[in-house]
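Before any comments, here is the structure.
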Amino acid sequence: MLKQIEGSHGVSEAVALCRPEVICAYPITPQTHIVEDLGALVKSGKLENCEYINVESEFAALSVGIGSSAAGARTYTATASQGMLFMAEAVYNASGLGLPIVMTVGNRSIGAPINIWNDQSDSMSMRDAGWIQLFVEDNQQAVDIHIQAFKIAEALSLPVMVCMDGFILTHAIEGIDVPEQKQVDKFLPSFAPRQILDPENPISIGAMVGPEAFTEVRYLAHQKQKEALKLIPKINEEFKKIFGRDSGGLISTFNVEDADTVIVTLGSVIGTIQEALDEQDQNIGAVTIRSFRPFPLEEIRTALKNVKRVVVFEKCFAVGIGGIVANNVRMALSGTNIEVYEVIGGLGGRPITRKSLHKLFKDAVKDNLETVTFLDLKKDVVERELKREKELIQSGSVAENVLRDVGVVNVAKTT
Amino acid sequence: MSHQQVKFYQTGTLTVGNRLLDAAQRTVQATIDRSNSLDSGHRACQGCGEALGARYAIDTALRETNNKVIAANATGCLEVFTTPYPETSWTLPWIHSLFGNAPAIGTGIAAAMKVKGREDIRVIAQGGDGGTTDIGFGCLSGMFERNDDVLYICYDNQGYMNTGVQRSSATPGGARTATTMPVGPEPGAEFDKGKNVPLIAMAHEIPYVATASIDRLHDLEAKVKKAMSVRGARYLQIFVPCPLGWGSAPAQTVNLARLAVESGVWPLFEGEYGEITSVTKIRKQVPVEEYLKPQRRFAHVVKSPEQLSAVQAIADRNIRKFSLLEEQE
């Protein structure tokens, strides 16, 4: 049914349609509305046979989820930003134990300095934690991918993160086709766990593994992610048959066939990029990566095989080297002569404007880009702070100095 | 307490009590069909108090639930010595996740049982004192305040023994550990620090809190039995001497547990909804020196009149605070 609703609300309805049995809730902006809505669904009785637990931290949220999933309950939680870091140990543990938990990440920056707005540093901090990571473009996809996520997770016995841009998607109201319960029931069978805590058949889960087998266990985790590369498109096809919508599988491509230049990105920014591309007449295509883990090396290599240059546009970066996504894309293109530029934009919620994108496109087609570009970086502000640090030992907080410099903070006049 | 109190001092031996009782009053451990939840073949040190405590407690819980228990275990000695894959000493369904999340794992399992209508299956979460009073404390408090249907058992050997005997917030004043060495003007762990988690658990006003010691099996088993008869969050802290960490002879483990109780160092009590409901009385208080002397971790304390009197003062305060001494007739 088509509804004009908030992204978070859409996600909560989608999750409820998947008949979760345990939901762990700890509030962190911008994920709050999702767990609030689910709480109301459980409390009102609309979502039956579900335990909704208000936990004391994100570490507990995922830990309770590990317990409930190991005991055979379909389990869901949501987090963002600092919360993701606080649960980091449990994030690795859930995948190591092979527990098919589904978790929404309302993508948000990581502090310090504390910042509640969108970028993708949080999901990226856990990119190597063994979870499947699916990034969605819009709220329809957020709904659809959550439903697919449970099926992917349970088929592989691996946890799945559905990553949606905080505020830009979680708080945006748009038309969403929310599926019917009977469609979802047809698509998603009840949870049949691969291993379960059961007094009738007692097993020990989570014991120690030494050097004699650790490599093989870790290799199999890698192998399982590679299996997911086949499974994700297959489940997308099954979804398409029942729901009549395509969520794009591993990647989506736009006009890459004849393009010399292709922008590669992930998450909601593809919408902005497509609009900006439509407004100009250079031959530029775009690719959006839905599955960041597993990373679809082959699909990306194939999609980009005829291009001259790739501009990876990402809302995150690895401090001290540069783009994270870009380096993954480079791996996909290894052995080719395709130039890969890294553009870091939208950090901590900075708007990505049409104007900046148009300039970026123009520079890109002329190979007029540095290897790493920080979009709309205020270089003069940076220079002044570097100068202050050179001149003064006690130059103070970088964050405060920069804010004063850009004029957000009124400088108190000392007389 | 409904069980018949066994007083070992009546005969002056440590083993006779059980035989004097009716068969129905004997301990679970004394029965031929005990479940041996922690089976032989594990890798605990000689004289490990934790291995005894865990088997006593879990066997009793299994008896009380007709073998329907799932256990969550924190990282630590108990986890390591019982389960190197592909071997396991546990005969019940058991999961180890992390060091600091065993209470939350318990919450999750209990939630799953509730939603599946299997509340006949009970949940125990367990760990050492480091996993309980320090790193797992947040999750423990959360489990308590939500009154989740989990029995948490802390096997308290007063330090991080698995990592090589470092101080925890359950390490007593004066004790030598690898991070509180007996050097300088105040050797060993500082006095007047640390956490009393049983009392903190009581402050959550949960249905049941108790302390126990591996030297008195009837008392320990009765407390587990009581805990399993109640729903909601429950907490049991069992005193388990550690020969490796304490520098004591393996054969002294049970005796040290007895001396800790009889000196007043380790008070045994039960509480319900924030109120103390019973204490296990001591007939005659033993001087703390007798408890401290067999342990190398206290070698410097025994030689220091100031430190010795500081430990004695703690024991005396426990005796007053919990009215531990029997009324003399």
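Residue numbering restarts at 1 for every chain of the structure tokens, chains are lettered A, B, ... in their displayed order, and ligands are numbered from 1 as they appear.
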Output as a PyMOL selection string all residues of range 42-169 of chain A that backbone DSSP marks as alpha helix (DSSP H). chain A and resi 42-43+58-70+81-86+88-96+121-125+139-156
Chain B residues within 9 Å of chain A, counting only C-alpha atoms: which ones, as a VMD selection string? chain B and resid 67 to 72 79 to 80 82 to 98 101 to 116 121 138 to 139 141 to 143 146
Using only C-alpha atoms, which residues sit within 7 Å of Asp149 in chain B once same-chain residues fewer than 6 positions away are excluded, as a PyMOL selection string? chain B and resi 110+231-233
Using Å and a single decimal, report how far CA of Val105 in chain A sits from CA of Thr79 in chain A. 5.1 Å
B:Glu290, B:Glu270, B:Glu306, B:Glu262: which is nearest Glu326 in chain B, counting only C-alpha atoms? B:Glu262
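If you look at CA of Ile58 in chain B and CA of Gly76 in chain B, they are 17.2 Å away from each other.
Residues of range 57-172 of chain B carrying a DSSP assignment of strand (DSSP E or B), computed from the backbone, are Val69, Ile70, Ala71, Ala72, Asn73, Pro84, Trp90, Trp94, Ile95, His96, Arg122, Val123, Ile124, Ala125, Gln126, Gly127, Gly128, Leu151, Tyr152, Ile153, Cys154, Tyr155, Asp156, Tyr160 and Gln166 of chain B.
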So which one's closest to Glu400 in chain A, A:Ala78, A:Ile114, A:Ile284, A:Val264? Using only C-alpha atoms, please. A:Ile114
Please provide as a short mmCIF file (atom, residue, chain, number, x, y, z; two decimals) with N, CA and C atoms, in the first residue's frame all residues within 10 Å of Thr132 in chain B, with the sequence filter that same-chain residues fewer than 2 positions apart are discarded (counting only C-alpha atoms).
data_model
loop_
_atom_site.label_atom_id
_atom_site.label_comp_id
_atom_site.auth_asym_id
_atom_site.auth_seq_id
_atom_site.Cartn_x
_atom_site.Cartn_y
_atom_site.Cartn_z
N ALA B 74 30.56 -15.81 30.72
CA ALA B 74 31.50 -14.73 30.39
C ALA B 74 32.87 -15.34 30.07
N PHE B 99 33.48 -11.10 27.21
CA PHE B 99 33.86 -10.95 28.62
C PHE B 99 32.76 -10.18 29.39
N GLY B 100 32.27 -9.11 28.78
CA GLY B 100 31.43 -8.20 29.54
C GLY B 100 29.94 -8.30 29.27
N ASN B 101 29.48 -9.33 28.55
CA ASN B 101 28.06 -9.30 28.18
C ASN B 101 27.24 -10.51 28.62
N ALA B 102 27.77 -11.34 29.50
CA ALA B 102 27.03 -12.56 29.87
C ALA B 102 25.61 -12.26 30.41
N PRO B 103 25.44 -11.21 31.23
CA PRO B 103 24.07 -10.93 31.70
C PRO B 103 23.13 -10.60 30.53
N GLN B 126 26.74 -16.67 33.91
CA GLN B 126 27.77 -16.83 34.92
C GLN B 126 29.10 -16.29 34.46
N GLY B 127 29.93 -15.92 35.44
CA GLY B 127 31.25 -15.41 35.14
C GLY B 127 32.06 -15.29 36.40
N GLY B 128 33.31 -14.93 36.24
CA GLY B 128 34.16 -14.69 37.40
C GLY B 128 33.92 -13.30 37.96
N ASP B 129 34.70 -12.91 38.96
CA ASP B 129 34.46 -11.59 39.56
C ASP B 129 34.86 -10.46 38.60
N GLY B 130 35.89 -10.65 37.79
CA GLY B 130 36.25 -9.61 36.83
C GLY B 130 35.14 -9.38 35.83
N ASP B 134 33.40 -5.93 37.36
CA ASP B 134 34.07 -4.88 36.57
C ASP B 134 33.46 -4.77 35.17
N ILE B 135 33.97 -5.56 34.24
CA ILE B 135 33.67 -5.32 32.82
C ILE B 135 32.22 -5.63 32.47
N GLY B 136 31.57 -6.55 33.20
CA GLY B 136 30.19 -6.89 32.88
C GLY B 136 29.17 -6.15 33.73
N PHE B 137 29.66 -5.20 34.53
CA PHE B 137 28.79 -4.58 35.53
C PHE B 137 27.63 -3.80 34.93
N GLY B 138 27.88 -3.12 33.81
CA GLY B 138 26.80 -2.36 33.17
C GLY B 138 25.68 -3.29 32.73
N CYS B 139 26.05 -4.36 32.04
CA CYS B 139 25.04 -5.33 31.57
C CYS B 139 24.35 -6.00 32.75
N LEU B 140 25.09 -6.23 33.83
CA LEU B 140 24.51 -6.89 35.01
C LEU B 140 23.44 -5.99 35.63
N SER B 141 23.78 -4.73 35.80
CA SER B 141 22.84 -3.77 36.38
C SER B 141 21.60 -3.61 35.50
N TYR B 152 21.99 -14.90 37.72
CA TYR B 152 23.41 -14.63 37.44
C TYR B 152 24.24 -15.17 38.58
N ILE B 153 25.24 -15.98 38.25
CA ILE B 153 26.14 -16.52 39.28
C ILE B 153 27.54 -15.97 39.06
N CYS B 154 28.06 -15.31 40.09
CA CYS B 154 29.44 -14.84 40.06
C CYS B 154 30.28 -15.78 40.90
N TYR B 155 31.29 -16.36 40.26
CA TYR B 155 32.25 -17.19 40.99
C TYR B 155 33.41 -16.27 41.37
N ASP B 156 33.47 -15.93 42.63
CA ASP B 156 34.36 -14.87 43.09
C ASP B 156 35.66 -15.45 43.62
N SER B 168 41.04 -7.06 40.66
CA SER B 168 39.70 -6.68 40.21
C SER B 168 39.06 -5.86 41.33
N SER B 169 37.84 -5.40 41.10
CA SER B 169 37.17 -4.64 42.16
C SER B 169 36.65 -5.58 43.25
N ALA B 170 36.92 -6.89 43.12
CA ALA B 170 36.59 -7.83 44.19
C ALA B 170 37.84 -8.27 44.95
N VAL B 197 29.22 -6.28 45.31
CA VAL B 197 28.16 -6.44 44.31
C VAL B 197 26.89 -7.11 44.87
N GLN B 237 26.52 -14.90 44.50
CA GLN B 237 27.98 -14.75 44.44
C GLN B 237 28.60 -15.83 45.30
#
Range 30-34 of chain B: which residues within 9 Å, counting only C-alpha atoms, same-chain residues fewer than 3 positions away excluded, as a ChimeraX atom specification? /B:18,23,26-27,37,59-60,62-63
How would the residues just chosen look if you wrote them out with C-alpha atoms as a PDB file, in the first residue's frame?
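So the final result, stored in selection-v9.pdb, reads:
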ATOM      1  CA  ASN B  18      25.828 -35.645  54.793  1.00  0.00           C
ATOM      2  CA  ALA B  23      18.458 -39.503  52.096  1.00  0.00           C
ATOM      3  CA  ARG B  26      21.326 -35.046  51.272  1.00  0.00           C
ATOM      4  CA  THR B  27      23.006 -32.805  48.773  1.00  0.00           C
ATOM      5  CA  SER B  37      26.917 -30.551  34.334  1.00  0.00           C
ATOM      6  CA  ASP B  59      23.900 -29.486  39.028  1.00  0.00           C
ATOM      7  CA  THR B  60      21.435 -28.124  41.567  1.00  0.00           C
ATOM      8  CA  LEU B  62      19.431 -28.786  36.610  1.00  0.00           C
ATOM      9  CA  ARG B  63      17.869 -30.902  39.359  1.00  0.00           C
TER      10      ARG B  63
END
Would you give me, as a Markdown table, each residue of range 264-290 of chain A having an atom within 9 Å of an atom of range 351-369 of chain A, along with its shortest atom pair and that distance in Å to one decimal, using only C-alpha atoms and sorting by chain and residue number?
| residue | atom | partner | partner_atom | distance |
| --- | --- | --- | --- | --- |
| A:Val269 | CA | A:Ile352 | CA | 8.1 |
| A:Thr272 | CA | A:Arg354 | CA | 7.5 |
| A:Ile273 | CA | A:Leu357 | CA | 7.3 |
| A:Glu275 | CA | A:Arg354 | CA | 8.3 |
| A:Ala276 | CA | A:Arg354 | CA | 5.8 |
| A:Leu277 | CA | A:His358 | CA | 8.0 |
| A:Glu279 | CA | A:His358 | CA | 8.8 |
| A:Gln280 | CA | A:His358 | CA | 7.8 |
| A:Gln282 | CA | A:Val365 | CA | 8.2 |
| A:Asn283 | CA | A:Val365 | CA | 8.8 |
| A:Ile284 | CA | A:Phe361 | CA | 8.0 |
Could you turn the residues from that selection into a file that holds C-alpha atoms, as a CSV table (one decimal), in the first residue's frame?
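Resulting contents of result_12.csv:
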chain,number,residue,atom,x,y,z
A,269,VAL,CA,23.7,10.7,-2.5
A,272,THR,CA,21.6,14.1,-5.9
A,273,ILE,CA,24.3,13.0,-8.3
A,275,GLU,CA,19.9,14.9,-10.8
A,276,ALA,CA,23.1,16.9,-11.3
A,277,LEU,CA,24.1,14.6,-14.1
A,279,GLU,CA,21.4,18.9,-15.8
A,280,GLN,CA,24.6,18.7,-17.8
A,282,GLN,CA,29.0,15.6,-20.6
A,283,ASN,CA,29.2,11.9,-21.0
A,284,ILE,CA,29.3,10.8,-17.3
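Of the residues listed (A:Ser157, A:Ser397, A:Gln133, A:Gln274), A:Gln133 shows the shortest atom-to-atom separation from Thr104 in chain A; distances use only C-alpha atoms.
Among the candidate residues B:Gly271, B:Gly173, B:Pro207, B:Pro187, the one lying nearest to Ala313 in chain B is B:Gly173, with distances computed using only C-alpha atoms.
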Residues near range 301-316 of chain A, anyone? I mean within 8 Å using only C-alpha atoms, not counting same-chain ones fewer than 4 positions away, as a PDB file with C-alpha atoms, in the first residue's frame.
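part_13.pdb, freshly written:
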ATOM      1  CA  ASP A 119      28.028  10.590   6.870  1.00  0.00           C
ATOM      2  CA  GLN A 120      28.998   6.926   6.613  1.00  0.00           C
ATOM      3  CA  SER A 121      31.950   6.695   8.992  1.00  0.00           C
ATOM      4  CA  MET A 124      32.641   1.934   7.488  1.00  0.00           C
ATOM      5  CA  THR A 253      24.535   1.332 -12.999  1.00  0.00           C
ATOM      6  CA  VAL A 256      27.980   3.543 -17.877  1.00  0.00           C
ATOM      7  CA  GLU A 257      28.109   1.899 -21.310  1.00  0.00           C
ATOM      8  CA  ASP A 258      29.256   4.900 -23.309  1.00  0.00           C
ATOM      9  CA  ALA A 259      30.667   7.042 -20.537  1.00  0.00           C
ATOM     10  CA  ASP A 260      34.325   8.043 -20.277  1.00  0.00           C
ATOM     11  CA  THR A 261      33.824   9.135 -16.710  1.00  0.00           C
ATOM     12  CA  VAL A 262      31.818   7.319 -14.030  1.00  0.00           C
ATOM     13  CA  ILE A 263      30.959   8.447 -10.545  1.00  0.00           C
ATOM     14  CA  VAL A 264      30.904   5.568  -8.044  1.00  0.00           C
ATOM     15  CA  THR A 265      29.136   6.067  -4.752  1.00  0.00           C
ATOM     16  CA  LEU A 266      26.895   4.483  -2.159  1.00  0.00           C
ATOM     17  CA  LEU A 297      34.727  -6.849  -7.334  1.00  0.00           C
ATOM     18  CA  GLY A 323      39.063   7.127   0.482  1.00  0.00           C
ATOM     19  CA  ILE A 324      37.817   3.810   1.833  1.00  0.00           C
ATOM     20  CA  VAL A 325      35.398   2.965  -0.958  1.00  0.00           C
ATOM     21  CA  ALA A 326      37.931   4.230  -3.504  1.00  0.00           C
ATOM     22  CA  VAL A 329      37.164   0.147  -6.189  1.00  0.00           C
ATOM     23  CA  ALA A 332      38.302  -4.124  -8.512  1.00  0.00           C
ATOM     24  CA  LEU A 333      40.161  -2.245 -11.257  1.00  0.00           C
ATOM     25  CA  ASN A 337      44.780   1.859 -16.667  1.00  0.00           C
ATOM     26  CA  ILE A 338      41.638   3.444 -15.322  1.00  0.00           C
ATOM     27  CA  GLU A 339      42.352   6.520 -13.229  1.00  0.00           C
ATOM     28  CA  VAL A 340      40.603   6.514  -9.830  1.00  0.00           C
ATOM     29  CA  TYR A 341      39.951   9.825  -8.123  1.00  0.00           C
ATOM     30  CA  GLU A 342      38.715  10.019  -4.548  1.00  0.00           C
ATOM     31  CA  VAL A 343      36.265  12.701  -3.521  1.00  0.00           C
ATOM     32  CA  ILE A 344      35.326  12.980   0.118  1.00  0.00           C
ATOM     33  CA  GLY A 345      32.088  14.895   0.647  1.00  0.00           C
ATOM     34  CA  GLY A 346      29.129  15.322   2.944  1.00  0.00           C
ATOM     35  CA  LEU A 347      31.131  14.755   6.130  1.00  0.00           C
ATOM     36  CA  ALA A 364      36.861  15.338 -13.520  1.00  0.00           C
TER      37      ALA A 364
END
